[in-house]
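S.K.: Sharing a structure below in structure tokens format, with a few things to ask.
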Amino acid sequence: MLRMSKLTDYGTVILTYLASQPGRLHAASEIAEQIRVAPPTVSKVLKTLVRGGLVASHRGTKGGYALARPAERITVAQVLAVLEGPIGLTECSSNPGQCVQETSCSVRGNWQRINLAIRRALEDVTLAEMVQPMKPQTVRVAPPKPLRRASATT
């Protein structure tokens with residue numbers, strides 16, 4: 001199963017909170033209280049977001065955190081790259097040269113194609129769009145087809 005980390009999940013919640021109230025600075029303690037996440041965790045994620053250039057930190061008595069640029073200019077792909085690292089379903093999708101079978105792999109091109117489609121989808125969604133409430137969609141997934149076993153002939 002492909003899944004982002006809990007810290008990345010918290011990071012998207014923090015960013016959407018900041019995006020929902022632009023034009024003001026937010027204390028880490030306020031953010032933690034509003035999103036109901038422990039203050040040390042919020043501080044840790046904020047530091048990563050500041051290092052990644054998505055959030056700006058302002059010092060002083062009236063300091064706090066705000067988005068480093070408008071929410072319309074921050075994509076979900078950028079958020080994931082800052083919090084998780086390069087987007088890649090397989091090692092060769094994000095870090096070429098890491099797999100010894102890379103040059104002879106028969107599925108590498110297809111994995112890269114899938115990775116590109118996912119990356120494009122993530123680049124198409126901005127933080128501004130993430131702020132907008134959306135009704136959950138029911139996704140119907142067909143059960144996997146049973147594997148056919150080869151019959152033995154005697």
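Identifiers for the structure tokens are assigned positionally: chains receive A, B, ... in sequence, residues are indexed from 1 per chain, and ligands are indexed from 1 in the order shown.
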Need the shell around segment 6-15 of chain A: protein/DNA/RNA residues with any atom at most 8 Å away, counting only C-alpha atoms. Skip same-chain ones fewer than 5 positions apart. Format as a list in words?

M.R.: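 Using only C-alpha atoms, the neighbours found are Ile31, Ile35, Val37, Thr41, Val42, Val45, Leu46, Leu49, Leu67, Val79, Leu80, Leu83, Glu84 and Leu127 of chain A.
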
S.K.: Could you pull out the strand (DSSP E or B) residues of chain A from DSSP and send them as a ChimeraX atom specification?

M.R.: /A:26,55-58,64-67,75,126

S.K.: Can you spit out the residues from that selection as an mmCIF file, in the first residue's frame, using N, CA and C atoms?

M.R.:
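See again33.cif below for the written result:
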data_model
loop_
_atom_site.group_PDB
_atom_site.id
_atom_site.type_symbol
_atom_site.label_atom_id
_atom_site.label_comp_id
_atom_site.auth_asym_id
_atom_site.auth_seq_id
_atom_site.Cartn_x
_atom_site.Cartn_y
_atom_site.Cartn_z
ATOM 1 N N HIS A 26 0.602 33.194 12.661
ATOM 2 C CA HIS A 26 0.014 32.223 13.575
ATOM 3 C C HIS A 26 1.104 31.639 14.467
ATOM 4 N N VAL A 55 6.789 27.725 4.226
ATOM 5 C CA VAL A 55 6.311 28.556 5.330
ATOM 6 C C VAL A 55 7.415 29.536 5.700
ATOM 7 N N ALA A 56 7.001 30.750 6.074
ATOM 8 C CA ALA A 56 7.939 31.767 6.547
ATOM 9 C C ALA A 56 7.753 31.920 8.051
ATOM 10 N N SER A 57 8.871 32.037 8.741
ATOM 11 C CA SER A 57 8.869 32.225 10.186
ATOM 12 C C SER A 57 9.259 33.661 10.497
ATOM 13 N N HIS A 58 8.492 34.304 11.352
ATOM 14 C CA HIS A 58 8.763 35.684 11.743
ATOM 15 C C HIS A 58 8.991 35.712 13.245
ATOM 16 N N GLY A 64 5.402 34.768 14.276
ATOM 17 C CA GLY A 64 4.611 33.571 14.029
ATOM 18 C C GLY A 64 4.928 33.001 12.671
ATOM 19 N N TYR A 65 4.007 32.208 12.171
ATOM 20 C CA TYR A 65 4.197 31.508 10.900
ATOM 21 C C TYR A 65 3.122 31.903 9.909
ATOM 22 N N ALA A 66 3.507 31.938 8.643
ATOM 23 C CA ALA A 66 2.585 32.207 7.541
ATOM 24 C C ALA A 66 3.118 31.491 6.303
ATOM 25 N N LEU A 67 2.269 31.330 5.323
ATOM 26 C CA LEU A 67 2.725 30.737 4.063
ATOM 27 C C LEU A 67 3.789 31.638 3.450
ATOM 28 N N THR A 75 1.789 23.653 -4.698
ATOM 29 C CA THR A 75 1.098 22.432 -5.131
ATOM 30 C C THR A 75 1.279 21.319 -4.106
ATOM 31 N N THR A 126 -3.597 22.499 -5.946
ATOM 32 C CA THR A 126 -2.900 23.510 -5.151
ATOM 33 C C THR A 126 -3.394 23.484 -3.704
#

S.K.: Between A:Ile114, A:Leu147, A:Ala128, A:Leu122, which one has atoms that come closest to Tyr17 of chain A, using only C-alpha atoms?

M.R.: A:Ala128

S.K.: DSSP on the backbone: which residues in segment 78-140 of chain A end up as alpha helix (DSSP H)? Give the answer as a ChimeraX atom specification.

M.R.: /A:78-84,91-94,108-123,127-131

S.K.: Just give me the gap between atom CA of Arg69 of chain A and atom CA of Gly53 of chain A in Å, one decimal is fine.

M.R.: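 Rounded to one decimal, the two atoms are 8.8 Å apart.
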
S.K.: Smallest atom-to-atom distance to Thr61 of chain A: which of A:Glu102, A:Pro86, A:Leu25, A:Ala121, using only C-alpha atoms?

M.R.: A:Leu25
